[in-house]
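What follows is a set of notes on a single structure, which appears directly below.
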Amino acid sequence: MADKKVEAITSMEEDFAKWYTDVVVKADLTGYTSVKGFMVLKPAGYAIWELIQKQLDERFKATGVENVYLPLLIPESLLQKEKDHVEGFAPEVAWVTHGGLSELQERLCVRPTSETLFCDFYQKDITSYRDLPKVYNQWCSVVRWEKETRPFLRSREFLWQEGHTAHATAEEAQERTIQMLNVYADFCEQVLAIPVVKGQKTEKEKFAGAVNTYTIEALMHDGKALQSGTSHNFGDGFAKAYGVQYTDKENHLQHVHQTSWGVTTRLIGAIIMVHGDDNGLKLPPKVAPVQVMIVPIQQKKEGVLEKAEELRQKLANVARVKVDATDKSPGFKFAECEMRGIPVRVEIGPRDIENNQCVVVRRDTGEKITVSLDELESKVAELLETIQKDMLETARAHRDSHTYVAKNWDEFVDIVENKPGFIKAMWCGETQCEENIKDQTGASTRCMPFEQENLGDTCVCCGKPAKKMVYFGRAY
């Protein structure tokens, strides 16, 4: 029974895309709906999002962020005010044309993002320098009519948070932009156990309407990159388009400087693809809805279920813990724990009870440890911390061993074709070169990292003088 459960997943080496879909479905994270490209987040998937949301929200609030909620619909005339922004989103916008049976006088766009609404709101809410800064965030869903969809990575509706701030000066806006990027990077590493590269997007890859876009890029197990969070400095472009002004201390009218930053349920896709294996999910303890599953062995024997419940109550002091008292076989339960990515499994049976011990199994390494019941609480607490740290180190080692340097075009092409991963290479700064690289190899610029290295004097593609070291890669 247990073997069958595990065999039901396609091996990641055989077909990574199929493996991913198998894990999402069999770990019961999402379900399909009657509307193509829209997904149901099932309890197991939504619980991960709740933990992400709770811990990120705490970090936001520690930096002075306040939560608000703005409408779902945007009038077309409002959207049109910022030309670049509209052009960037036009192909993906869903429109509402009727209210009940009546055709609307003006089409309403279902928000693909809320810059325009925040500008409209700020224009009414900000009058003086005393009103600044405004550091707002909203947790909501957005709709983008994607052609190709895949659970968590790209769906037509997804959950996210979008921060939108307004500042008196360009310096303050830039500081907030980088501050939030750092919050994301720290969160990914410390909570999701995913190491990231921080840097700036190129002109071609930046957000429509932004002055600068900054990103955190993560490397998936198959060597593809995933943009895992972005932070944008809008300068005063949106403020000028929407008339968001304030009176400064000298009584002069000034435009505000704005930022925007967001992460989405795509982070759950990243967790699956960075940590998972052929047995299913591997959840870092900090985002595991169930951190410890107690599996009673020979549970019909007297005292076994009672003992399991007693252990659950004890462990509830240090972990999110459950007992699997279903009538499935122990082997099936073990496989199910692995599939769902539960970090720690505790096995307890009649013989264990006699010996005042139990078997503790780590999901990340498969290691089994016999632990005295008297020490179980402290041992499990310690183990969850160890697993969290070890998963980050394992992911970092994988990323570092799949990060390559290309000094010339032949090396670049060879790496793209034969060694999936990040490629560090020098670039001249020309968009044409960037487009040529993507057209010929499928690799795009992921970011210009803050930590620059000089790998040579010439561009890897055209041979002209190099301006920046860039991370390239094929991406989701």
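Naming scheme: A, B, ... for chains in displayed order of the structure tokens; residues 1 onward per chain; ligands 1 onward as shown.
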Check your understanding: Near segment 314-326 of chain A, counting only C-alpha atoms, which residues have an atom at most 10 Å away, once you skip same-chain residues fewer than 4 positions from it, shown as a ChimeraX atom specification?
Key -> /A:285-286,288-297,299-300,305,308-310,330,333-334,337,342,344-346,376-378,380-382,384
Could those selected residues go to a file with N, CA and C atoms, as an mmCIF file, in the first residue's frame?
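Now in again_19.cif:
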data_model
loop_
_atom_site.group_PDB
_atom_site.id
_atom_site.type_symbol
_atom_site.label_atom_id
_atom_site.label_comp_id
_atom_site.auth_asym_id
_atom_site.auth_seq_id
_atom_site.Cartn_x
_atom_site.Cartn_y
_atom_site.Cartn_z
ATOM 1 N N PRO A 285 9.738 23.620 8.582
ATOM 2 C CA PRO A 285 8.869 23.639 9.767
ATOM 3 C C PRO A 285 8.084 24.937 9.963
ATOM 4 N N LYS A 286 8.695 26.091 9.640
ATOM 5 C CA LYS A 286 8.004 27.357 9.918
ATOM 6 C C LYS A 286 6.757 27.581 9.061
ATOM 7 N N ALA A 288 4.967 24.713 7.868
ATOM 8 C CA ALA A 288 4.263 23.431 7.847
ATOM 9 C C ALA A 288 3.019 23.526 8.735
ATOM 10 N N PRO A 289 1.816 23.403 8.146
ATOM 11 C CA PRO A 289 0.591 23.468 8.960
ATOM 12 C C PRO A 289 0.584 22.408 10.059
ATOM 13 N N VAL A 290 1.069 21.206 9.723
ATOM 14 C CA VAL A 290 1.293 20.166 10.742
ATOM 15 C C VAL A 290 2.803 19.928 10.786
ATOM 16 N N GLN A 291 3.410 20.232 11.918
ATOM 17 C CA GLN A 291 4.869 20.060 12.031
ATOM 18 C C GLN A 291 5.233 18.647 12.490
ATOM 19 N N VAL A 292 4.345 18.042 13.274
ATOM 20 C CA VAL A 292 4.601 16.697 13.810
ATOM 21 C C VAL A 292 3.345 15.851 13.656
ATOM 22 N N MET A 293 3.491 14.670 13.041
ATOM 23 C CA MET A 293 2.369 13.725 12.974
ATOM 24 C C MET A 293 2.725 12.504 13.825
ATOM 25 N N ILE A 294 1.845 12.196 14.760
ATOM 26 C CA ILE A 294 2.041 10.998 15.593
ATOM 27 C C ILE A 294 1.292 9.849 14.935
ATOM 28 N N VAL A 295 2.006 8.765 14.637
ATOM 29 C CA VAL A 295 1.390 7.591 14.009
ATOM 30 C C VAL A 295 1.397 6.434 15.012
ATOM 31 N N PRO A 296 0.204 6.060 15.539
ATOM 32 C CA PRO A 296 0.129 4.924 16.455
ATOM 33 C C PRO A 296 0.289 3.613 15.674
ATOM 34 N N ILE A 297 1.109 2.723 16.195
ATOM 35 C CA ILE A 297 1.315 1.407 15.573
ATOM 36 C C ILE A 297 0.485 0.387 16.369
ATOM 37 N N GLN A 299 -2.747 0.238 16.641
ATOM 38 C CA GLN A 299 -3.520 1.177 17.458
ATOM 39 C C GLN A 299 -4.737 0.542 18.135
ATOM 40 N N LYS A 300 -5.133 -0.678 17.689
ATOM 41 C CA LYS A 300 -6.280 -1.319 18.334
ATOM 42 C C LYS A 300 -5.895 -1.933 19.668
ATOM 43 N N LEU A 305 -3.672 4.247 21.506
ATOM 44 C CA LEU A 305 -4.261 5.527 21.108
ATOM 45 C C LEU A 305 -4.224 6.543 22.246
ATOM 46 N N ALA A 308 -0.795 7.925 22.412
ATOM 47 C CA ALA A 308 -0.573 8.862 21.299
ATOM 48 C C ALA A 308 -1.200 10.220 21.616
ATOM 49 N N GLU A 309 -2.404 10.202 22.179
ATOM 50 C CA GLU A 309 -3.096 11.445 22.532
ATOM 51 C C GLU A 309 -2.345 12.185 23.645
ATOM 52 N N GLU A 310 -1.818 11.429 24.579
ATOM 53 C CA GLU A 310 -1.034 12.038 25.684
ATOM 54 C C GLU A 310 0.210 12.748 25.116
ATOM 55 N N PRO A 330 -0.132 1.423 8.869
ATOM 56 C CA PRO A 330 0.985 2.321 9.214
ATOM 57 C C PRO A 330 1.820 2.711 7.993
ATOM 58 N N LYS A 333 0.166 5.409 6.125
ATOM 59 C CA LYS A 333 0.254 6.670 6.887
ATOM 60 C C LYS A 333 1.643 7.302 6.758
ATOM 61 N N PHE A 334 2.681 6.438 6.801
ATOM 62 C CA PHE A 334 4.049 6.965 6.651
ATOM 63 C C PHE A 334 4.195 7.658 5.294
ATOM 64 N N CYS A 337 2.400 10.954 5.214
ATOM 65 C CA CYS A 337 3.174 11.995 5.925
ATOM 66 C C CYS A 337 4.260 12.558 5.017
ATOM 67 N N ILE A 342 5.246 16.637 5.982
ATOM 68 C CA ILE A 342 5.268 16.887 7.431
ATOM 69 C C ILE A 342 6.693 16.687 7.955
ATOM 70 N N VAL A 344 8.252 16.174 10.850
ATOM 71 C CA VAL A 344 8.625 15.149 11.836
ATOM 72 C C VAL A 344 7.484 14.151 12.012
ATOM 73 N N ARG A 345 7.849 12.876 11.999
ATOM 74 C CA ARG A 345 6.876 11.808 12.271
ATOM 75 C C ARG A 345 7.277 11.094 13.549
ATOM 76 N N VAL A 346 6.307 10.861 14.414
ATOM 77 C CA VAL A 346 6.575 10.138 15.665
ATOM 78 C C VAL A 346 5.807 8.820 15.615
ATOM 79 N N LEU A 376 11.014 13.752 24.829
ATOM 80 C CA LEU A 376 10.420 13.963 23.500
ATOM 81 C C LEU A 376 10.157 15.441 23.187
ATOM 82 N N GLU A 377 9.614 16.153 24.163
ATOM 83 C CA GLU A 377 9.260 17.560 23.943
ATOM 84 C C GLU A 377 10.477 18.390 23.537
ATOM 85 N N SER A 378 11.533 18.290 24.335
ATOM 86 C CA SER A 378 12.731 19.102 24.061
ATOM 87 C C SER A 378 13.412 18.641 22.768
ATOM 88 N N VAL A 380 11.997 17.233 20.084
ATOM 89 C CA VAL A 380 11.230 17.654 18.902
ATOM 90 C C VAL A 380 11.434 19.145 18.629
ATOM 91 N N ALA A 381 11.409 19.955 19.685
ATOM 92 C CA ALA A 381 11.619 21.405 19.524
ATOM 93 C C ALA A 381 12.976 21.678 18.880
ATOM 94 N N GLU A 382 13.983 20.970 19.371
ATOM 95 C CA GLU A 382 15.358 21.121 18.854
ATOM 96 C C GLU A 382 15.438 20.648 17.401
ATOM 97 N N LEU A 384 13.056 20.493 15.100
ATOM 98 C CA LEU A 384 12.381 21.397 14.153
ATOM 99 C C LEU A 384 13.300 22.558 13.775
#
**Study point:** Sel. of helix (DSSP H, G or I) residues, segment 43-221 of chain A, as a ChimeraX atom specification
**Key:** /A:43-62,76-79,83-92,115-125,129-131,170-190
Review point. Atom CA of Lys18 of chain A and atom CA of Asp222 of chain A are how many Å apart?
Key: 12.3 Å
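Atom pair atom CA of Ala210 of chain A / atom CA of Phe450 of chain A has a distance of 18.6 Å (rounded to one decimal).
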Check your understanding: Residues at most 12 Å from segment 453-459 of chain A, counting only C-alpha atoms, excluding those fewer than 3 positions away in the same chain, as JSON, numbers by chain?
Key -> {"A": [404, 405, 406, 407, 408, 409, 412, 423, 424, 425, 426, 427, 428, 429, 430, 433, 434, 437, 448, 449, 450, 462, 463, 464, 465, 466, 467, 468, 469, 470, 471]}
Check your understanding: What is the distance between atom CA of Phe238 of chain A and atom CA of Ser114 of chain A, in Å to one decimal?
Key -> 11.9 Å
Point to revise | Counting only C-alpha atoms, the option among A:Pro133, A:His98, A:Glu162, A:Ser329 closest to Gln298 of chain A | key: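 Ranking A:Pro133, A:His98, A:Glu162, A:Ser329 by distance to Gln298 of chain A, first place goes to A:Ser329.
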Exercise for review: Give the strand (DSSP E or B) residues of segment 150-289 of chain A, as DSSP finds them on the backbone, and put them as a VMD selection string.
Suggested key: chain A and resid 150 154 157 to 167 197 to 200 212 to 219 225 to 235 245 to 247 253 to 255 257 to 264 277 280
